[in-house]
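Visitor: One file: query-v5.txt (compact mmCIF, C-alpha atoms).
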# COMPACT_ATOMS: atom_id res chain seq x y z
CA MET A 1103 -60.91 16.33 196.93
CA LYS A 1104 -63.69 18.93 197.20
CA GLY A 1105 -65.68 20.16 194.25
CA THR A 1106 -68.51 22.59 193.56
CA ARG A 1107 -72.04 21.20 193.37
CA ILE A 1108 -75.15 23.04 192.19
CA VAL A 1109 -78.79 22.68 193.22
CA PHE A 1110 -81.68 24.78 191.93
CA SER A 1111 -84.74 26.40 193.40
CA HIS A 1112 -88.05 24.59 192.87
CA ASN A 1113 -91.25 26.53 192.07
CA LEU A 1114 -89.95 29.75 193.62
CA ASN A 1115 -92.66 32.42 193.56
CA ARG A 1116 -92.10 35.75 191.84
CA GLY A 1117 -92.17 37.85 195.01
CA LYS A 1118 -89.33 35.95 196.65
CA TYR A 1119 -87.27 36.11 193.47
CA GLU A 1120 -87.73 39.89 193.21
CA ALA A 1121 -86.72 40.30 196.87
CA LEU A 1122 -83.55 38.27 196.26
CA ASN A 1123 -82.88 40.21 193.07
CA ALA A 1124 -83.13 43.55 194.90
CA GLN A 1125 -80.60 42.36 197.48
CA ALA A 1126 -78.27 41.04 194.75
CA ARG A 1127 -78.38 44.40 192.93
CA LEU A 1128 -77.36 46.28 196.08
CA LEU A 1129 -74.52 43.83 196.68
CA GLY A 1130 -73.50 44.23 193.04
CA GLN A 1131 -73.20 47.99 193.54
CA LEU A 1132 -70.96 47.29 196.53
CA ARG A 1133 -68.84 44.97 194.38
CA SER A 1134 -68.47 47.72 191.80
CA GLU A 1135 -67.24 50.14 194.46
CA ILE A 1136 -64.72 47.58 195.77
CA TRP A 1137 -63.36 46.93 192.28
CA GLN A 1138 -63.16 50.67 191.63
CA ARG A 1139 -61.19 51.32 194.83
CA PHE A 1140 -59.00 48.21 195.03
CA GLY A 1141 -58.93 46.86 191.47
CA SER A 1142 -55.62 48.55 190.63
CA ILE A 1143 -52.36 49.10 192.51
CA ASN A 1144 -54.33 50.27 195.58
CA GLY A 1145 -55.42 46.69 196.19
CA VAL A 1146 -51.92 45.19 196.48
CA GLY A 1147 -51.48 43.59 199.90
CA VAL A 1148 -54.91 44.69 201.14
CA PHE A 1149 -56.46 42.38 203.76
CA HIS A 1150 -60.25 42.17 203.88
CA ARG A 1151 -60.42 42.19 207.70
CA THR A 1152 -58.68 45.57 207.81
CA ILE A 1153 -61.13 47.10 205.35
CA ARG A 1154 -64.07 45.44 207.08
CA ASP A 1155 -63.14 46.79 210.54
CA GLU A 1156 -62.67 50.27 209.11
CA TRP A 1157 -66.00 50.25 207.25
CA VAL A 1158 -67.90 48.97 210.30
CA LYS A 1159 -66.88 52.14 212.16
CA ILE A 1160 -67.55 54.75 209.49
CA ARG A 1161 -70.14 53.38 207.05
CA ASN A 1162 -73.79 52.36 207.07
CA PHE A 1163 -74.94 49.76 204.53
CA PHE A 1164 -78.64 49.70 205.51
CA PRO A 1165 -80.81 47.88 204.41
CA LEU A 1166 -78.22 45.20 203.60
CA PRO A 1167 -77.67 42.54 206.29
CA ALA A 1168 -74.26 42.95 207.96
CA LYS A 1169 -73.14 39.40 207.14
CA ALA A 1170 -74.10 39.84 203.49
CA TRP A 1171 -71.99 42.93 202.78
CA LYS A 1172 -69.04 41.56 204.78
CA GLU A 1173 -69.03 38.33 202.77
CA THR A 1174 -69.37 40.32 199.54
CA LEU A 1175 -66.36 42.41 200.56
CA ARG A 1176 -64.29 39.28 201.23
CA ASP A 1177 -65.45 37.62 198.00
CA ALA A 1178 -64.71 40.67 195.84
CA LEU A 1179 -61.23 41.12 197.33
CA ASP A 1180 -60.55 37.41 196.73
CA ASP A 1181 -61.55 37.89 193.08
CA ILE A 1182 -59.15 40.83 192.84
CA LYS A 1183 -56.34 38.69 194.27
CA LEU A 1184 -57.07 35.95 191.72
CA TYR A 1185 -56.98 38.55 188.95
CA GLU A 1186 -53.62 39.77 190.27
CA ALA A 1187 -52.29 36.19 190.46
CA SER A 1188 -53.23 35.68 186.81
CA ALA A 1189 -51.32 38.84 185.89
CA LYS A 1190 -48.30 37.63 187.90
CA GLU A 1191 -48.26 34.40 185.90
CA LYS A 1192 -47.96 36.42 182.69
CA VAL A 1193 -45.13 38.48 184.19
CA ARG A 1194 -43.36 35.29 185.30
CA LYS A 1195 -43.28 34.21 181.67
CA GLN A 1196 -41.73 37.54 180.71
CA ILE A 1197 -39.09 37.15 183.43
CA ALA A 1198 -38.27 33.64 182.21
CA LEU A 1199 -37.85 34.90 178.65
CA ARG A 1200 -35.58 37.81 179.57
CA PHE A 1201 -33.55 36.76 182.62
CA ASN A 1202 -32.00 33.66 184.16
CA GLY A 1203 -30.04 32.66 187.24
CA LYS A 1204 -29.86 34.99 190.23
CA THR A 1205 -31.41 37.91 188.36
CA ALA A 1206 -34.53 35.91 187.51
CA HIS A 1207 -34.74 34.61 191.10
CA HIS A 1208 -34.53 38.20 192.38
CA TYR A 1209 -37.45 39.30 190.23
CA TYR A 1210 -39.48 36.21 191.18
CA THR A 1211 -38.96 37.10 194.85
CA LEU A 1212 -40.10 40.69 194.32
CA LEU A 1213 -43.16 39.48 192.45
CA LYS A 1214 -44.14 36.92 195.09
CA SER A 1215 -43.67 39.27 198.06
CA ASN A 1216 -45.68 42.11 196.42
CA GLN A 1217 -42.56 44.29 196.28
CA TRP A 1218 -42.95 44.68 192.53
CA ILE A 1219 -44.63 48.05 193.09
CA ASN A 1220 -41.18 49.44 194.05
CA ASP A 1221 -39.46 48.11 190.92
CA SER A 1222 -39.92 50.13 187.74
CA LEU A 1223 -39.62 47.18 185.33
CA LEU A 1224 -42.02 44.90 187.19
CA SER A 1225 -44.44 47.78 187.75
CA ARG A 1226 -44.56 48.46 184.04
CA TRP A 1227 -45.10 44.80 183.19
CA MET A 1228 -47.79 44.41 185.86
CA ARG A 1229 -49.65 47.51 184.67
CA LYS A 1230 -49.81 46.02 181.18
CA ALA A 1231 -50.88 42.58 182.44
CA LYS A 1232 -53.27 43.82 185.13
CA LYS A 1233 -55.65 46.38 183.72
CA HIS A 1234 -58.04 48.08 186.12
CA GLY A 1235 -60.81 45.53 186.67
CA LYS A 1236 -64.51 46.25 186.42
CA ASN A 1237 -67.41 44.49 188.11
CA ARG A 1238 -70.19 42.97 186.01
CA THR A 1239 -71.74 40.78 188.71
CA TYR A 1240 -75.12 42.01 189.92
CA ASN A 1241 -76.93 38.70 190.42
CA GLN A 1242 -75.03 36.97 193.25
CA ILE A 1243 -75.42 36.66 197.00
CA VAL A 1244 -72.68 35.04 199.09
CA ILE A 1245 -73.80 33.54 202.40
CA GLU A 1246 -71.36 32.24 204.99
CA ASN A 1247 -71.89 29.16 207.12
CA GLY A 1248 -74.16 29.76 210.11
CA VAL A 1249 -76.17 32.57 208.53
CA TYR A 1250 -78.67 30.36 206.72
CA LYS A 1251 -80.92 27.62 208.10
CA GLN A 1252 -82.31 24.55 206.35
CA PHE A 1253 -85.22 22.20 206.91
CA LYS A 1254 -87.16 19.50 205.08
CA GLY A 1255 -90.53 20.12 203.45
CA LYS A 1256 -93.48 17.72 203.37
CA ASP A 1257 -92.25 16.26 200.07
CA GLY A 1258 -88.78 15.59 201.50
CA ARG A 1259 -87.10 18.44 199.62
CA THR A 1260 -84.67 20.76 201.34
CA TRP A 1261 -85.62 24.37 202.08
CA ILE A 1262 -83.12 27.06 203.02
CA LYS A 1263 -83.93 30.20 205.00
CA ILE A 1264 -81.73 33.25 204.36
CA PRO A 1265 -81.84 36.87 205.63
CA SER A 1266 -83.65 39.45 203.50
CA LEU A 1267 -83.53 43.25 203.30
CA ILE A 1268 -86.34 43.40 205.88
CA ARG A 1269 -85.11 42.58 209.36
CA GLY A 1270 -86.92 39.62 210.95
CA LYS A 1271 -88.48 38.43 207.66
CA PRO A 1272 -86.17 35.81 206.11
CA ILE A 1273 -86.77 34.31 202.67
CA CYS A 1274 -87.43 30.56 202.41
CA ILE A 1275 -86.26 28.94 199.17
CA PRO A 1276 -87.44 25.43 198.17
CA LEU A 1277 -84.79 23.32 196.42
CA ASN A 1278 -85.10 20.56 193.84
CA SER A 1279 -83.06 18.16 196.00
CA ASN A 1280 -82.99 16.65 199.48
CA VAL A 1281 -79.28 17.38 199.90
CA LYS A 1282 -77.94 18.63 203.22
CA LEU A 1283 -75.96 21.81 202.58
CA LYS A 1284 -72.72 22.61 204.37
CA GLY A 1285 -70.33 25.55 204.40
CA ALA A 1286 -70.67 28.83 202.53
CA LEU A 1287 -73.23 29.20 199.75
CA ARG A 1288 -73.25 31.26 196.57
CA LEU A 1289 -76.69 32.15 195.22
CA ILE A 1290 -76.81 33.04 191.51
CA LEU A 1291 -80.06 34.42 190.09
CA ARG A 1292 -80.78 33.58 186.44
CA ASN A 1293 -84.07 33.71 184.51
CA GLY A 1294 -86.32 33.38 187.53
CA VAL A 1295 -84.36 30.47 189.01
CA VAL A 1296 -81.90 30.55 191.92
CA GLU A 1297 -78.75 28.42 191.62
CA ILE A 1298 -77.17 27.42 194.94
CA HIS A 1299 -73.46 26.62 194.63
CA TYR A 1300 -71.79 24.80 197.53
CA LEU A 1301 -68.66 22.76 198.23
CA ALA A 1302 -68.94 19.00 198.66
CA GLU A 1303 -66.51 16.14 199.06
CA GLY A 1304 -65.75 14.49 195.73
CA LYS A 1305 -66.01 10.77 195.24
CA MET A 1306 -62.92 8.61 195.54
CA HIS A 1307 -61.39 7.69 192.18
CA GLN A 1308 -59.42 4.60 191.39
CA PRO A 1309 -55.63 5.13 191.35
CA CYS A 1310 -53.83 6.11 188.17
CA GLY A 1311 -51.69 3.81 186.02
CA SER A 1312 -47.92 3.52 185.91
CA GLN A 1313 -46.90 4.63 182.40
CA THR A 1314 -45.56 7.93 181.07
CA VAL A 1315 -47.34 9.17 177.96
CA GLY A 1316 -47.35 12.27 175.80
CA ILE A 1317 -50.68 13.56 174.55
CA ASP A 1318 -51.74 15.85 171.74
CA LYS A 1319 -55.05 17.68 171.79
CA GLY A 1320 -56.99 16.98 168.63
CA TYR A 1321 -60.13 18.14 166.84
CA THR A 1322 -61.59 14.93 165.39
CA GLU A 1323 -60.87 13.35 168.79
CA VAL A 1324 -60.22 14.86 172.21
CA LEU A 1325 -56.77 13.37 172.82
CA VAL A 1326 -54.18 11.20 171.10
CA ASP A 1327 -51.35 9.62 173.11
CA SER A 1328 -47.82 8.69 172.12
CA GLU A 1329 -48.76 4.98 172.03
CA GLY A 1330 -51.16 5.59 169.14
CA ASN A 1331 -54.40 5.41 171.17
CA PHE A 1332 -57.32 7.73 170.45
CA TYR A 1333 -59.66 9.10 173.13
CA GLY A 1334 -63.01 10.79 172.60
CA LYS A 1335 -63.58 9.89 168.95
CA GLY A 1336 -66.29 11.88 167.24
CA PHE A 1337 -65.34 15.05 169.10
CA ASN A 1338 -65.62 17.06 165.90
CA LYS A 1339 -69.20 15.84 165.37
CA TYR A 1340 -70.28 17.52 168.60
CA LEU A 1341 -68.50 20.71 167.61
CA ASN A 1342 -69.71 20.77 163.99
CA ASP A 1343 -73.34 20.03 164.87
CA ALA A 1344 -73.38 22.68 167.59
CA SER A 1345 -71.74 25.25 165.34
CA GLU A 1346 -74.04 24.66 162.36
CA ARG A 1347 -77.15 24.67 164.56
CA ARG A 1348 -76.11 27.94 166.17
CA MET A 1349 -75.36 29.50 162.78
CA LYS A 1350 -78.80 28.64 161.35
CA LYS A 1351 -80.63 29.88 164.43
CA ASN A 1352 -78.68 33.13 164.52
CA GLN A 1353 -79.42 33.70 160.83
CA SER A 1354 -83.14 33.27 161.53
CA ARG A 1355 -82.93 35.57 164.55
CA ASN A 1356 -81.21 38.23 162.45
CA LYS A 1357 -84.06 38.11 159.92
CA LEU A 1358 -86.59 38.62 162.71
CA LEU A 1359 -84.44 41.40 164.13
CA GLN A 1360 -84.48 43.24 160.79
CA ILE A 1361 -88.26 42.85 160.56
CA ALA A 1362 -88.63 44.21 164.10
CA GLU A 1363 -86.45 47.24 163.35
CA LYS A 1364 -88.68 48.17 160.39
CA SER A 1365 -91.99 47.57 162.20
CA SER A 1366 -94.14 49.72 164.43
CA HIS A 1367 -93.39 50.13 168.10
CA LYS A 1368 -96.07 47.65 169.22
CA LYS A 1369 -95.09 44.96 166.72
CA ARG A 1370 -91.41 45.44 167.57
CA ALA A 1371 -92.16 44.95 171.26
CA ARG A 1372 -94.13 41.75 170.52
CA ILE A 1373 -91.29 40.31 168.41
CA TYR A 1374 -88.70 41.10 171.07
CA LYS A 1375 -90.87 39.54 173.77
CA ASN A 1376 -92.09 36.40 171.98
CA ASN A 1377 -89.50 35.61 169.28
CA LEU A 1378 -86.14 37.02 170.32
CA GLY A 1379 -85.77 35.71 173.86
CA THR A 1380 -82.60 34.02 175.06
CA LYS A 1381 -83.87 31.67 177.79
CA LYS A 1382 -84.32 28.58 175.60
CA ARG A 1383 -81.18 29.34 173.59
CA ASN A 1384 -79.08 29.63 176.73
CA GLN A 1385 -80.45 26.31 178.01
CA GLN A 1386 -79.55 24.57 174.74
CA ASN A 1387 -76.07 26.10 174.66
CA ARG A 1388 -75.49 25.06 178.27
CA LYS A 1389 -76.56 21.49 177.45
CA ILE A 1390 -74.20 21.28 174.46
CA LYS A 1391 -71.28 22.64 176.47
CA GLN A 1392 -71.94 20.11 179.22
CA GLN A 1393 -71.88 17.28 176.65
CA ILE A 1394 -68.57 18.49 175.24
CA ARG A 1395 -67.14 18.98 178.73
CA GLY A 1396 -68.27 15.50 179.76
CA LEU A 1397 -66.55 13.93 176.75
CA CYS A 1398 -63.33 15.78 177.64
CA PHE A 1399 -63.40 14.46 181.22
CA GLN A 1400 -64.16 10.89 180.08
CA SER A 1401 -61.19 11.00 177.70
CA VAL A 1402 -58.79 12.29 180.36
CA HIS A 1403 -59.94 9.59 182.80
CA SER A 1404 -59.22 6.95 180.15
CA VAL A 1405 -55.68 8.30 179.71
CA ILE A 1406 -55.00 8.38 183.46
CA ASP A 1407 -56.25 4.80 183.84
CA LYS A 1408 -52.88 3.73 182.42
CA ALA A 1409 -50.59 6.74 183.03
CA ASN A 1410 -49.15 8.35 186.17
CA LYS A 1411 -47.27 11.05 184.27
CA ILE A 1412 -48.80 13.00 181.41
CA ILE A 1413 -46.83 15.34 179.18
CA ALA A 1414 -49.00 17.80 177.26
CA GLU A 1415 -48.53 20.86 175.10
CA ASP A 1416 -49.21 24.24 176.65
CA LEU A 1417 -52.23 25.76 174.90
CA THR A 1418 -52.90 28.60 177.35
CA THR A 1419 -51.66 31.22 174.91
CA THR A 1420 -53.69 32.52 171.99
CA ILE A 1421 -53.20 30.68 168.70
CA ARG A 1422 -52.01 33.32 166.25
CA GLY A 1423 -51.99 32.93 162.51
CA LYS A 1424 -53.42 34.17 159.26
CA THR A 1425 -57.05 35.19 159.07
CA LYS A 1426 -59.18 32.19 158.19
CA GLY A 1427 -62.68 31.86 156.79
CA LYS A 1428 -65.83 32.43 158.80
CA ARG A 1429 -66.64 28.73 159.11
CA PHE A 1430 -63.12 27.83 160.26
CA ASN A 1431 -63.11 30.58 162.88
CA ARG A 1432 -66.56 29.53 164.08
CA LEU A 1433 -65.47 25.91 164.49
CA MET A 1434 -62.26 26.87 166.28
CA ASN A 1435 -64.24 29.11 168.61
CA GLN A 1436 -66.39 26.08 169.48
CA TRP A 1437 -63.29 23.91 170.05
CA MET A 1438 -63.21 24.66 173.77
CA LYS A 1439 -59.54 23.90 174.37
CA GLY A 1440 -60.13 25.42 177.80
CA SER A 1441 -62.39 22.47 178.69
CA ILE A 1442 -59.62 20.04 177.76
CA ALA A 1443 -57.11 21.95 179.90
CA GLU A 1444 -59.59 22.08 182.80
CA ALA A 1445 -60.19 18.32 182.56
CA LEU A 1446 -56.46 17.60 182.52
CA GLU A 1447 -55.71 19.71 185.58
CA THR A 1448 -58.75 18.60 187.59
CA VAL A 1449 -58.56 14.86 186.95
CA THR A 1450 -54.79 14.61 187.43
CA LYS A 1451 -55.11 16.26 190.86
CA ALA A 1452 -58.05 14.07 191.85
CA ARG A 1453 -56.33 10.82 190.89
CA GLY A 1454 -52.80 11.63 191.99
CA SER A 1455 -51.03 11.70 188.63
CA CYS A 1456 -48.48 14.25 187.41
CA LEU A 1457 -49.18 16.75 184.62
CA HIS A 1458 -46.19 18.33 182.89
CA TYR A 1459 -46.56 21.05 180.26
CA VAL A 1460 -44.10 21.70 177.43
CA SER A 1461 -44.03 24.18 174.59
CA GLY A 1462 -46.03 22.89 171.64
CA ALA A 1463 -44.06 24.87 169.03
CA TYR A 1464 -43.14 22.75 165.97
CA THR A 1465 -44.14 19.45 167.60
CA SER A 1466 -46.46 18.74 164.65
CA GLN A 1467 -43.73 19.51 162.09
CA MET A 1468 -40.93 17.38 163.56
CA ASP A 1469 -40.09 13.80 162.68
CA SER A 1470 -40.76 11.71 165.80
CA ASN A 1471 -38.16 9.14 164.69
CA THR A 1472 -35.26 11.61 164.50
CA HIS A 1473 -36.78 14.50 166.57
CA ARG A 1474 -35.59 16.98 163.95
CA LEU A 1475 -37.35 19.29 161.50
CA GLU A 1476 -37.58 16.63 158.83
CA GLY A 1477 -40.42 15.06 156.92
CA ARG A 1478 -43.65 16.84 156.06
CA ARG A 1479 -47.22 16.94 157.21
CA VAL A 1480 -50.04 16.65 154.69
CA GLY A 1481 -53.51 16.84 156.21
CA ASP A 1482 -53.83 14.28 159.00
CA LYS A 1483 -50.79 12.26 157.85
CA PHE A 1484 -47.10 12.77 158.51
CA TYR A 1485 -44.48 11.50 156.05
CA HIS A 1486 -41.23 10.66 157.86
CA ALA A 1487 -37.76 11.08 156.40
CA ASN A 1488 -37.37 7.28 156.11
CA GLY A 1489 -40.61 6.94 154.11
CA GLU A 1490 -42.80 5.81 157.02
CA VAL A 1491 -46.30 7.31 157.22
CA THR A 1492 -48.09 7.84 160.56
CA TYR A 1493 -51.07 9.76 161.85
CA ALA A 1494 -50.06 13.40 162.34
CA ASP A 1495 -51.41 13.71 165.89
CA VAL A 1496 -49.63 10.51 166.98
CA ASN A 1497 -46.39 11.91 165.59
CA ALA A 1498 -46.98 15.16 167.52
CA ALA A 1499 -47.73 13.26 170.76
CA ARG A 1500 -44.45 11.34 170.46
CA ASN A 1501 -42.55 14.60 169.96
CA ILE A 1502 -44.27 16.10 173.01
CA LYS A 1503 -43.27 13.11 175.14
CA HIS A 1504 -39.64 13.28 173.97
CA ARG A 1505 -39.50 17.04 174.61
CA GLY A 1506 -40.82 16.63 178.14
CA LEU A 1507 -38.51 13.76 179.09
CA TYR A 1508 -35.23 14.36 177.30
CA ASP A 1509 -35.04 17.85 175.75
CA LYS A 1510 -33.45 20.12 178.38
CA GLU A 1511 -32.68 22.94 175.96
CA ILE A 1512 -36.23 23.86 174.94
CA LYS A 1513 -38.15 25.44 177.82
CA ARG A 1514 -41.89 25.85 178.21
CA TYR A 1515 -41.95 29.63 177.82
CA MET A 1516 -39.36 29.94 175.04
CA PRO A 1517 -40.54 32.01 172.05
CA TYR A 1518 -41.28 29.93 168.99
CA GLN A 1519 -38.59 31.84 167.06
CA ALA A 1520 -35.93 30.70 169.55
CA ILE A 1521 -37.23 27.12 169.37
CA LYS A 1522 -37.03 27.22 165.60
CA ARG A 1523 -33.40 28.38 165.76
CA VAL A 1524 -32.54 25.51 168.12
CA LEU A 1525 -34.18 22.94 165.84
CA LEU A 1526 -32.53 24.34 162.71
CA ASN A 1527 -29.12 24.27 164.40
CA ARG A 1528 -29.66 20.62 165.31
CA LEU A 1529 -30.69 19.79 161.76
CA ARG A 1530 -27.66 21.61 160.36
CA ALA A 1531 -25.32 19.80 162.76
CA SER A 1532 -26.75 16.40 161.81
CA GLU A 1533 -26.31 17.16 158.10
CA GLU A 1534 -22.69 18.20 158.65
CA LEU A 1535 -21.96 14.97 160.55
CA ALA A 1536 -23.56 12.95 157.76
Just dump the structure as structure tokens.

Guide:
Amino acid sequence: MKGTRIVFSHNLNRGKYEALNAQARLLGQLRSEIWQRFGSINGVGVFHRTIRDEWVKIRNFFPLPAKAWKETLRDALDDIKLYEASAKEKVRKQIALRFNGKTAHHYYTLLKSNQWINDSLLSRWMRKAKKHGKNRTYNQIVIENGVYKQFKGKDGRTWIKIPSLIRGKPICIPLNSNVKLKGALRLILRNGVVEIHYLAEGKMHQPCGSQTVGIDKGYTEVLVDSEGNFYGKGFNKYLNDASERRMKKNQSRNKLLQIAEKSSHKKRARIYKNNLGTKKRNQQNRKIKQQIRGLCFQSVHSVIDKANKIIAEDLTTTIRGKTKGKRFNRLMNQWMKGSIAEALETVTKARGSCLHYVSGAYTSQMDSNTHRLEGRRVGDKFYHANGEVTYADVNAARNIKHRGLYDKEIKRYMPYQAIKRVLLNRLRASEELA
């Protein structure tokens, strides 16, 4: 399985960086034009070769290298297609909620074949899900295979040679690694450093286990499975420490910002330059996020060591609820449930296990012994109807596993109101039988 790897430039001089930055800005303007022209309904079914052949005849992109603007065109249109695919996924959920049987299959077919533009209902849903996109990328250069050259320096590091805006004068970039690059490259310019993103073959992982488990995403730990095992303990410590540190630093920055606003022009410029920079802060935030992401991946690997089928709750939708306090919202914003979802999807594909999502509605409020809306949750404990007390996340994981294996009535995209009606009807029927 292939994955993205990143290497960085090493001691790149200012002149080369400015030359790369000028080229990236021109390519960013081209991206903006592509998004403006094809970011709405005009981009449905558009093929980049058709646009490229047309632009070659009628347009002049000097001083940009021909390969550079062609790759930027392809990359921007691919981004637009991904944006459209994300909107289609939202519309698929709406179709599943409203239709079934042949009618739903008909709408799925229209959506997949890009015929939704001729259907009034799907067009309306797609317009709501797919707003007109806007480009904000002005620091990237995409280079296809065969355009760049690479060689080794005296210290053994790899150098790459890429075309510049001046014909016949390529730019040589020293890297911090001796890796041999293959395939297309993506150069991202940040804070005087060039990041080179490339595809590489991932390492072979050991095979997955043989069990079927349900998992619940936690806060004090990354995951809890239906067998009562905890993975990634101390997860909340990472989140709390990062949140509190960020809060204190931002409070101090705000004080400096207020001083700068009330100061003279020269003093304000000095404060902005020397005390309100973001380079170090961004590095620290990136390091913390990598630590949290690494813990998520370690936890998922531990689960897959014993499981070949994982049933998890779907947390792709926004968690709605009453307005909470500032500290609670700050901690939840740091939770990074997206990193847990990314780890689940990536590791299961790499190791050959199956990931099955179910609706997470009311799984933490159901009794895992009876699978009905009985018992009550108090803090991190769940009190069952028979008097038994278990950890609340373990109870939720067991309900998730049961819903994925045996509950055919509750679907993944059912509204929580409909799920509540189903559960209340089951509870009422059990009470009548008793």

Visitor: I'd like the contact shell of A:Lys1522 - 8 Å cut-off, only C-alpha atoms, skipping same-chain residues fewer than 4 positions apart - returned as a PyMOL selection string.

Guide: chain A and resi 1464+1518+1526

Visitor: So that I have them on file, write out the residues from the current selection with C-alpha atoms, as a short mmCIF file (atom, residue, chain, number, x, y, z; two decimals), in the coordinates of the input.

Guide:
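Below you can see result34.cif, which holds the result:
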data_model
loop_
_atom_site.label_atom_id
_atom_site.label_comp_id
_atom_site.auth_asym_id
_atom_site.auth_seq_id
_atom_site.Cartn_x
_atom_site.Cartn_y
_atom_site.Cartn_z
CA TYR A 1464 -43.14 22.75 165.97
CA TYR A 1518 -41.28 29.93 168.99
CA LEU A 1526 -32.53 24.34 162.71
#

Visitor: Taking into account all atoms listed in the file, which residue in the set A:Arg1355, A:Lys1335, A:Lys1439, A:Lys1159 is nearest to A:Ser1401?

Guide: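 Of all the options, A:Lys1335 lies closest to A:Ser1401.
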
Visitor: Of the residues A:Lys1389, A:Lys1319, A:Arg1395, A:Arg1288, which is the one nearest to A:Val1109, using only C-alpha atoms?

Guide: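 Result for the nearest residue to A:Val1109: A:Arg1288.
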
Visitor: In Å, rounded to a single decimal, give me how far atom CA of A:Pro1165 is from atom CA of A:Leu1267.

Guide: 5.5 Å

Visitor: Around (-40.9, 21.4, 161.9) in the file's frame, which residues reach within 10 Å when counting only C-alpha atoms? Return as a VMD selection string?

Guide: chain A and resid 1463 to 1469 1473 to 1479 1522 1525 to 1526

Visitor: Any chance you could model N, CA and C atoms for stretch 1325-1340 of chain A and send them as a compact mmCIF listing (two decimals), keeping the file's coordinate frame?

Guide:
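Result written to out.txt:
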# COMPACT_ATOMS: atom_id res chain seq x y z
N LEU A 1325 -58.19 13.56 172.53
CA LEU A 1325 -56.77 13.37 172.82
C LEU A 1325 -56.22 12.21 172.01
N VAL A 1326 -54.93 12.30 171.70
CA VAL A 1326 -54.18 11.20 171.10
C VAL A 1326 -52.91 11.04 171.91
N ASP A 1327 -52.57 9.81 172.31
CA ASP A 1327 -51.35 9.62 173.11
C ASP A 1327 -50.21 9.11 172.25
N SER A 1328 -49.03 9.07 172.85
CA SER A 1328 -47.82 8.69 172.12
C SER A 1328 -47.77 7.21 171.79
N GLU A 1329 -48.68 6.41 172.35
CA GLU A 1329 -48.76 4.98 172.03
C GLU A 1329 -49.67 4.72 170.84
N GLY A 1330 -50.28 5.76 170.30
CA GLY A 1330 -51.16 5.59 169.14
C GLY A 1330 -52.62 5.35 169.50
N ASN A 1331 -53.01 5.61 170.75
CA ASN A 1331 -54.40 5.41 171.17
C ASN A 1331 -55.18 6.71 171.04
N PHE A 1332 -56.46 6.58 170.66
CA PHE A 1332 -57.32 7.73 170.45
C PHE A 1332 -58.40 7.75 171.53
N TYR A 1333 -58.69 8.94 172.06
CA TYR A 1333 -59.66 9.10 173.13
C TYR A 1333 -60.68 10.16 172.74
N GLY A 1334 -61.96 9.84 172.92
CA GLY A 1334 -63.01 10.79 172.60
C GLY A 1334 -63.24 10.95 171.11
N LYS A 1335 -63.33 9.82 170.40
CA LYS A 1335 -63.58 9.89 168.95
C LYS A 1335 -64.95 10.50 168.69
N GLY A 1336 -65.05 11.19 167.57
CA GLY A 1336 -66.29 11.88 167.24
C GLY A 1336 -66.43 13.23 167.90
N PHE A 1337 -65.32 13.74 168.45
CA PHE A 1337 -65.34 15.05 169.10
C PHE A 1337 -65.77 16.14 168.13
N ASN A 1338 -65.29 16.03 166.89
CA ASN A 1338 -65.62 17.06 165.90
C ASN A 1338 -67.10 17.05 165.54
N LYS A 1339 -67.77 15.90 165.68
CA LYS A 1339 -69.20 15.84 165.37
C LYS A 1339 -69.99 16.71 166.33
N TYR A 1340 -69.63 16.65 167.62
CA TYR A 1340 -70.28 17.52 168.60
C TYR A 1340 -70.07 18.99 168.22
